[in-house]
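Chemist: Got a structure for you, input.txt, holding compact mmCIF, C-alpha atoms.
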# COMPACT_ATOMS: atom_id res chain seq x y z
CA MET A 1 0.00 0.00 0.00
CA LYS A 2 2.38 2.61 -1.28
CA ASP A 3 -0.07 5.38 -2.12
CA PRO A 4 0.26 8.72 -0.34
CA ASN A 5 -0.63 8.64 3.31
CA PRO A 6 -4.14 10.06 3.71
CA SER A 7 -3.53 10.71 7.38
CA VAL A 8 -1.24 13.59 6.47
CA VAL A 9 -4.01 15.10 4.39
CA PHE A 10 -6.48 14.77 7.24
CA ALA A 11 -4.09 16.31 9.73
CA ALA A 12 -3.83 19.27 7.41
CA MET A 13 -7.60 19.45 7.02
CA ALA A 14 -8.09 19.34 10.79
CA ASP A 15 -5.53 22.09 11.14
CA ASP A 16 -7.34 24.31 8.66
CA SER A 17 -10.74 23.73 10.24
CA GLY A 18 -9.36 24.62 13.67
CA GLN A 19 -8.02 27.92 12.47
CA ALA A 20 -11.18 28.77 10.59
CA THR A 21 -13.42 28.44 13.64
CA SER A 22 -11.13 30.40 15.91
CA ASN A 23 -11.12 33.28 13.47
CA GLU A 24 -14.87 33.44 13.30
CA VAL A 25 -15.94 32.93 16.92
CA GLU A 26 -14.20 33.01 20.28
CA LYS A 27 -14.00 29.24 20.47
CA PRO A 28 -11.04 27.37 21.99
CA GLN A 29 -8.48 26.44 19.37
CA ILE A 30 -9.02 22.90 18.10
CA GLU A 31 -5.78 21.01 18.36
CA PRO A 32 -4.63 19.39 15.13
CA ILE A 33 -4.51 15.60 15.17
CA ARG A 34 -1.09 14.54 16.32
CA LEU A 35 -0.36 11.17 14.75
CA PRO A 36 2.39 9.01 16.27
CA SER A 37 5.84 9.36 14.78
CA VAL A 38 7.79 6.47 13.32
CA GLU A 39 9.85 6.07 16.49
CA GLU A 40 6.74 5.91 18.63
CA ILE A 41 5.23 3.28 16.37
CA ARG A 42 8.44 1.24 16.47
CA GLY A 43 8.61 1.55 20.24
CA GLN A 44 5.03 0.35 20.54
CA ASP A 45 5.75 -2.54 18.20
CA ILE A 46 8.74 -3.58 20.29
CA TRP A 47 6.77 -3.38 23.50
CA ASN A 48 3.89 -5.34 22.00
CA ASN A 49 6.20 -8.22 21.08
CA CYS A 50 5.43 -11.21 23.30
CA ALA A 51 9.04 -12.35 23.65
CA VAL A 52 10.30 -8.92 24.68
CA ARG A 53 7.46 -8.46 27.13
CA SER A 54 7.94 -11.81 28.80
CA VAL A 55 11.71 -11.39 29.11
CA VAL A 56 11.28 -7.96 30.68
CA SER A 57 8.69 -9.36 33.07
CA GLY A 58 11.02 -12.21 33.94
CA VAL A 59 13.84 -9.80 34.72
CA MET A 60 11.54 -7.68 36.87
CA GLY A 61 10.37 -10.81 38.66
CA GLY A 62 13.99 -11.75 39.25
CA GLY A 63 14.68 -8.36 40.77
CA LEU A 64 11.68 -8.65 43.02
CA GLY A 65 12.73 -12.16 43.97
CA ILE A 66 16.19 -10.99 44.99
CA PHE A 67 14.76 -8.48 47.42
CA MET A 68 12.20 -10.91 48.77
CA GLY A 69 14.88 -13.53 49.23
CA LEU A 70 17.15 -11.13 51.07
CA PHE A 71 14.33 -10.14 53.35
CA LEU A 72 13.16 -13.66 54.06
CA GLY A 73 16.71 -14.95 54.37
CA ALA A 74 17.42 -12.36 57.00
CA LEU A 75 14.45 -13.56 58.99
CA ASP A 76 15.67 -17.15 59.02
CA ASN A 77 17.47 -17.92 62.23
CA PRO A 78 20.75 -19.76 61.71
CA ILE A 79 21.47 -23.01 63.44
CA MET A 80 23.17 -21.75 66.57
CA GLN A 81 26.59 -23.30 66.92
CA GLU A 82 28.58 -22.14 69.88
CA GLU A 83 31.90 -22.65 68.09
CA MET A 84 31.24 -19.90 65.55
CA THR A 85 32.42 -16.46 66.44
CA GLY A 86 30.29 -13.42 65.76
CA ARG A 87 32.03 -12.75 62.45
CA GLN A 88 31.55 -16.34 61.32
CA GLN A 89 27.90 -16.16 62.18
CA LEU A 90 27.62 -13.00 60.13
CA ILE A 91 29.24 -14.70 57.15
CA TYR A 92 26.99 -17.70 57.53
CA GLN A 93 23.95 -15.45 57.73
CA ALA A 94 25.02 -13.54 54.64
CA LYS A 95 25.57 -16.74 52.67
CA GLN A 96 22.19 -18.03 53.69
CA MET A 97 20.56 -14.78 52.63
CA GLY A 98 22.38 -14.99 49.31
CA ARG A 99 21.29 -18.57 48.67
CA ARG A 100 17.74 -17.78 49.63
CA SER A 101 17.60 -14.68 47.45
CA ILE A 102 19.00 -16.51 44.39
CA SER A 103 16.49 -19.34 44.63
CA SER A 104 13.69 -16.88 45.26
CA ALA A 105 14.81 -14.76 42.31
CA LYS A 106 14.75 -17.78 40.03
CA ALA A 107 11.27 -18.78 41.16
CA PHE A 108 9.85 -15.29 40.73
CA ALA A 109 11.57 -14.81 37.38
CA VAL A 110 10.04 -18.01 36.03
CA MET A 111 6.65 -16.99 37.40
CA GLY A 112 6.81 -13.55 35.81
CA PHE A 113 8.04 -14.92 32.51
CA ILE A 114 5.35 -17.57 32.19
CA PHE A 115 2.57 -15.23 33.32
CA SER A 116 3.53 -12.47 30.95
CA ALA A 117 4.06 -14.80 28.00
CA ALA A 118 0.73 -16.54 28.54
CA GLU A 119 -1.18 -13.30 28.95
CA CYS A 120 0.43 -11.78 25.86
CA VAL A 121 -0.29 -14.81 23.67
CA VAL A 122 -3.87 -15.15 24.87
CA GLU A 123 -4.62 -11.47 24.44
CA LYS A 124 -3.17 -11.39 20.95
CA ALA A 125 -5.17 -14.45 19.94
CA ARG A 126 -8.47 -13.21 21.39
CA ALA A 127 -7.93 -9.59 20.22
CA LYS A 128 -9.73 -8.42 23.34
CA HIS A 129 -8.63 -6.81 26.60
CA ASP A 130 -10.43 -8.68 29.33
CA MET A 131 -10.14 -10.29 32.73
CA THR A 132 -10.22 -13.73 31.12
CA ASN A 133 -6.72 -13.12 29.76
CA THR A 134 -5.41 -12.57 33.28
CA ALA A 135 -7.31 -15.58 34.62
CA VAL A 136 -6.02 -17.95 31.93
CA ALA A 137 -2.48 -16.66 32.33
CA GLY A 138 -2.69 -17.09 36.10
CA CYS A 139 -4.03 -20.60 35.71
CA THR A 140 -1.20 -21.52 33.35
CA THR A 141 1.44 -20.11 35.68
CA GLY A 142 0.03 -21.80 38.75
CA GLY A 143 -0.34 -25.07 36.92
CA VAL A 144 3.22 -25.05 35.59
CA ILE A 145 4.68 -24.14 38.96
CA SER A 146 2.75 -26.82 40.83
CA ALA A 147 3.02 -29.41 38.08
CA LYS A 148 5.57 -31.45 40.05
CA GLY A 149 3.02 -32.36 42.68
CA GLY A 150 0.77 -34.20 40.27
CA PRO A 151 -2.42 -33.23 38.45
CA ARG A 152 -4.36 -32.40 41.61
CA ALA A 153 -1.71 -30.00 42.82
CA ALA A 154 -1.58 -28.50 39.34
CA CYS A 155 -5.35 -27.87 39.39
CA ALA A 156 -5.19 -26.34 42.84
CA GLY A 157 -2.25 -24.16 41.85
CA CYS A 158 -4.06 -23.10 38.68
CA ALA A 159 -7.21 -22.05 40.51
CA GLY A 160 -5.34 -20.34 43.32
CA PHE A 161 -2.99 -18.38 41.12
CA ALA A 162 -5.77 -17.41 38.74
CA ALA A 163 -7.84 -16.01 41.59
CA PHE A 164 -4.81 -14.22 42.99
CA SER A 165 -3.87 -12.62 39.68
CA VAL A 166 -7.47 -11.53 38.99
CA LEU A 167 -7.61 -9.89 42.41
CA ILE A 168 -4.33 -8.11 41.87
CA GLU A 169 -5.45 -6.94 38.42
CA LYS A 170 -8.74 -5.61 39.82
CA PHE A 171 -6.88 -3.80 42.56
CA LEU A 172 -4.42 -2.28 40.07
CA GLU A 173 -7.20 -1.23 37.73
CA GLY A 174 -9.25 0.43 40.39
CA HIS A 175 -6.23 2.51 41.32
CA MET B 1 0.59 10.03 -30.28
CA ALA B 2 1.83 12.47 -27.70
CA ALA B 3 -0.64 15.18 -28.58
CA PRO B 4 -1.06 17.81 -25.88
CA PRO B 5 -4.20 17.07 -23.77
CA SER B 6 -7.10 19.30 -24.75
CA ALA B 7 -9.04 21.34 -22.24
CA LEU B 8 -11.77 18.71 -22.16
CA ASP B 9 -9.28 15.96 -21.38
CA LYS B 10 -7.86 18.05 -18.58
CA GLU B 11 -11.33 18.55 -17.20
CA GLN B 12 -11.97 14.83 -17.35
CA ILE B 13 -8.71 13.97 -15.67
CA PHE B 14 -9.38 16.54 -12.98
CA GLY B 15 -12.86 15.19 -12.39
CA MET B 16 -11.55 11.66 -12.15
CA ALA B 17 -8.86 12.73 -9.70
CA GLU B 18 -11.48 14.50 -7.61
CA LYS B 19 -13.68 11.41 -7.60
CA GLU B 20 -10.74 9.24 -6.68
CA MET B 21 -9.88 11.57 -3.80
CA GLU B 22 -13.45 11.52 -2.54
CA TYR B 23 -13.49 7.75 -2.74
CA ARG B 24 -10.29 7.49 -0.77
CA VAL B 25 -11.48 9.89 1.89
CA GLU B 26 -14.75 7.99 2.21
CA LEU B 27 -12.89 4.70 2.47
CA PHE B 28 -10.60 6.02 5.18
CA ASN B 29 -13.42 7.51 7.23
CA LYS B 30 -15.62 4.44 6.97
CA MET B 31 -12.75 2.11 7.80
CA THR B 32 -11.68 4.02 10.88
CA GLN B 33 -15.24 4.34 12.09
CA THR B 34 -16.05 0.66 11.59
CA CYS B 35 -12.87 -0.66 13.13
CA PHE B 36 -13.01 1.76 16.04
CA ASN B 37 -16.58 0.82 16.86
CA LYS B 38 -15.76 -2.85 16.56
CA CYS B 39 -12.49 -3.02 18.44
CA VAL B 40 -12.47 -0.32 21.10
CA GLU B 41 -14.91 -0.65 23.98
CA ASN B 42 -16.94 2.29 25.17
CA ARG B 43 -15.37 2.58 28.58
CA TYR B 44 -11.63 2.90 28.76
CA LYS B 45 -9.20 4.20 31.32
CA GLU B 46 -6.09 4.94 29.33
CA SER B 47 -5.26 6.52 25.99
CA GLU B 48 -2.78 3.88 24.84
CA LEU B 49 -4.02 0.99 22.72
CA ASN B 50 -3.89 -2.40 24.43
CA MET B 51 -2.38 -5.37 22.71
CA GLY B 52 -5.82 -6.84 22.18
CA GLU B 53 -7.14 -3.68 20.60
CA ASN B 54 -4.00 -3.39 18.50
CA SER B 55 -4.33 -6.88 17.07
CA CYS B 56 -8.08 -6.38 16.60
CA ILE B 57 -7.47 -3.23 14.59
CA ASP B 58 -4.79 -4.96 12.53
CA ARG B 59 -7.17 -7.74 11.61
CA CYS B 60 -10.08 -5.35 11.02
CA VAL B 61 -8.13 -3.12 8.64
CA SER B 62 -6.70 -6.07 6.77
CA LYS B 63 -10.11 -7.63 6.25
CA TYR B 64 -11.71 -4.33 5.30
CA TRP B 65 -8.98 -3.70 2.74
CA HIS B 66 -9.29 -7.18 1.25
CA VAL B 67 -13.04 -6.87 1.02
CA THR B 68 -12.80 -3.45 -0.61
CA ASN B 69 -10.34 -4.73 -3.19
CA LEU B 70 -12.37 -7.84 -3.90
CA ILE B 71 -15.62 -5.96 -4.34
CA GLY B 72 -13.90 -3.34 -6.43
CA GLN B 73 -12.58 -6.01 -8.72
CA LEU B 74 -15.95 -7.73 -8.98
CA LEU B 75 -17.69 -4.47 -9.80
CA GLY B 76 -14.99 -3.31 -12.15
CA SER B 77 -14.83 -6.47 -14.21
CA GLY B 78 -18.16 -5.57 -15.72
CA LYS B 79 -19.63 -9.02 -15.49
CA PRO B 80 -23.22 -9.37 -14.27
CA PRO B 81 -23.46 -10.22 -10.57
CA MET B 82 -23.68 -13.92 -9.70
Could you quickly redo this structure as C-alpha cells?
Modeler:
Amino acid sequence: MKDPNPSVVFAAMADDSGQATSNEVEKPQIEPIRLPSVEEIRGQDIWNNCAVRSVVSGVMGGGLGIFMGLFLGALDNPIMQEEMTGRQQLIYQAKQMGRRSISSAKAFAVMGFIFSAAECVVEKARAKHDMTNTAVAGCTTGGVISAKGGPRAACAGCAGFAAFSVLIEKFLEGH
Amino acid sequence: MAAPPSALDKEQIFGMAEKEMEYRVELFNKMTQTCFNKCVENRYKESELNMGENSCIDRCVSKYWHVTNLIGQLLGSGKPPM
C-alpha cells in the first residue's frame, strides 16, 4: 500500500478547520490531530512483542525475587553453633541470605516470565482486553509451577494463582 | 501520439482525480469508524491501545482492505453479478 498517506491530508484538514473556527468565533483552538511518529510506532511494536514483554517481566520478577529472598533470608534464624564467632555467624547469615535470594529470584523470574508470556499470547489471539486473559495466564502459571506435585496440585495451583492474579489486576485497575 | 491534452481531457482527468480523492477519503473515514466501533470498547481508562485492541485493529483493517479490493474487482470487471 504505497499510495500517499491520507492521514497527512487529514491532519492538514483538521488544522485548517481549527483555524477557521477560531477566526470566526471566540472558540477554543481545536488542536490538530497529532499522529504518532515512526519512532513511537516502532517503540510500541517492540513493546507489543510477546518475547520482549515476557523477558522484561522475567527480569523484573527476578529483581523482586532478589529483594524478597534477602528479606526472608534475614528472617531465618541460623542453626546456633557455639563454636562460631560473631564474624563467622555474620558470614553464615550472609551466605544463607544470598542462597535464599537466588532461589527466590529464580522462582519469581520463572513466574513472571510464564505469566507475561501466557497473557500476551492469549490477548493477541483473542484480540480483546479482558479479565479472562489474566485468569487464563494465572491458571497456566500456577499449573506449571505446581506441576511437580501431580495433576491435583496442578489444578489447585491453577485455581489459586488465577484467583490471585485476577484480584491483583482488579486492585491495580481500580487505582 | 503524444498530442497535448485538450481542455476537455484536462477537465476529465481533474474530475476523475477528484472522484478518486473523494473515494479514498470515504474509504478512510468508513474504515476508521467501523474498526473503532468494533475493536475499542466504550469505557476505557487509558489513551494507549492495548495489545488486544492493537491486534483487533490490525485484523479489522486487513479484512476491510481485502473486502474493498475484492468488491472493487468484482464491480470493475463488468460481469453481471452472480
Chemist: Would you tabulate, counting all atoms listed in the file, all residues of chain B that have an atom at most 7 Å from an atom of chain A, showing the closest pair of atoms and their distance in Å to one decimal, sorted by chain then ascending number, as JSON lines?
Modeler:
{"residue": "B:Asn50", "atom": "CA", "partner": "A:His129", "partner_atom": "CA", "distance": 6.8}
{"residue": "B:Met51", "atom": "CA", "partner": "A:Asn48", "partner_atom": "CA", "distance": 6.3}
{"residue": "B:Gly52", "atom": "CA", "partner": "A:Ala127", "partner_atom": "CA", "distance": 4.0}
{"residue": "B:Glu53", "atom": "CA", "partner": "A:Ala127", "partner_atom": "CA", "distance": 6.0}
{"residue": "B:Ser55", "atom": "CA", "partner": "A:Ala127", "partner_atom": "CA", "distance": 5.5}
{"residue": "B:Cys56", "atom": "CA", "partner": "A:Ala127", "partner_atom": "CA", "distance": 4.8}
Chemist: For a test of reading the model, state the distance in Å between atom CA of Gly138 of chain A and atom CA of Ile66 of chain A, rounded to one decimal.
Modeler: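 Spanning atom CA of Gly138 of chain A to atom CA of Ile66 of chain A is a straight-line distance of 21.7 Å.
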Chemist: How far is it from atom CA of Met131 of chain A to atom CA of Lys170 of chain A, in Å with one decimal?
Modeler: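 So the answer is 8.6 Å.
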Chemist: What gap, in Å, lies between atom CA of Glu22 of chain B and atom CA of Asn69 of chain B?
Modeler: 16.6 Å
Chemist: Counting only C-alpha atoms, what is within 10 Å of Cys60 of chain B, bar same-chain residues fewer than 5 positions away, as a list in words?
Modeler: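 In the requested form, the answer reads Met31, Thr32, Thr34, Cys35, Phe36, Lys38, Cys39, Asn54, Ser55, Trp65 and His66 of chain B.
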Chemist: Which residue is closest to Met68 of chain A? Choose from A:Val56, A:Ser104, A:Gly98, A:Ile41 and count only C-alpha atoms.
Modeler: A:Ser104
Chemist: Could you pull the residues within 9 Å of Ala117 of chain A, counting only C-alpha atoms, minus those fewer than 4 positions along the same chain, as a list in words?
Modeler: Cys50, Ala51, Arg53, Ser54, Val55, Ser57, Gly112, Phe113, Val121, Val122 and Ala137 of chain A
Chemist: If you count all atoms listed in the file, which residues fall within 12 Å of Gln33 of chain B, apart from same-chain ones fewer than 6 positions away, as a list of chain:residue names?
Modeler: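 The residues satisfying every condition are B:Glu26, B:Leu27, B:Cys39, B:Val40, B:Ile57, B:Cys60, B:Val61, B:Tyr64.
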Chemist: Can you tell me, as JSON, the centre and edge lengths (Å, one decimal) of the axis-aligned box enclosing all of segment 3-14 of chain B's listed atoms after padding each side by 5 Å?
Modeler:
{"center_x": -6.3, "center_y": 17.7, "center_z": -20.8, "size_x": 21.3, "size_y": 17.4, "size_z": 25.6}
Chemist: Which residue, A:Ile168, A:Ala74, A:Ala107, A:Cys158, has the smallest gap to Ala94 of chain A when you use only C-alpha atoms?
Modeler: A:Ala74
Chemist: Hey, which of B:Lys63, B:Lys30, B:Lys45, B:Lys79 ends up closest to His175 of chain A? Count all atoms listed in the file.
Modeler: B:Lys45
Chemist: May I have the protein, DNA and RNA residues with an atom at most 12 Å from (20.6, -20.0, 53.3), counting only C-alpha atoms in the file's coordinates, returned as a tab-separated table (two decimals) with C-alpha atoms, in the coordinates of the input?
Modeler:
chain	number	residue	atom	x	y	z
A	69	GLY	CA	14.88	-13.53	49.23
A	70	LEU	CA	17.15	-11.13	51.07
A	71	PHE	CA	14.33	-10.14	53.35
A	72	LEU	CA	13.16	-13.66	54.06
A	73	GLY	CA	16.71	-14.95	54.37
A	74	ALA	CA	17.42	-12.36	57.00
A	75	LEU	CA	14.45	-13.56	58.99
A	76	ASP	CA	15.67	-17.15	59.02
A	77	ASN	CA	17.47	-17.92	62.23
A	78	PRO	CA	20.75	-19.76	61.71
A	79	ILE	CA	21.47	-23.01	63.44
A	91	ILE	CA	29.24	-14.70	57.15
A	92	TYR	CA	26.99	-17.70	57.53
A	93	GLN	CA	23.95	-15.45	57.73
A	94	ALA	CA	25.02	-13.54	54.64
A	95	LYS	CA	25.57	-16.74	52.67
A	96	GLN	CA	22.19	-18.03	53.69
A	97	MET	CA	20.56	-14.78	52.63
A	98	GLY	CA	22.38	-14.99	49.31
A	99	ARG	CA	21.29	-18.57	48.67
A	100	ARG	CA	17.74	-17.78	49.63
A	101	SER	CA	17.60	-14.68	47.45
A	102	ILE	CA	19.00	-16.51	44.39
A	103	SER	CA	16.49	-19.34	44.63
A	104	SER	CA	13.69	-16.88	45.26
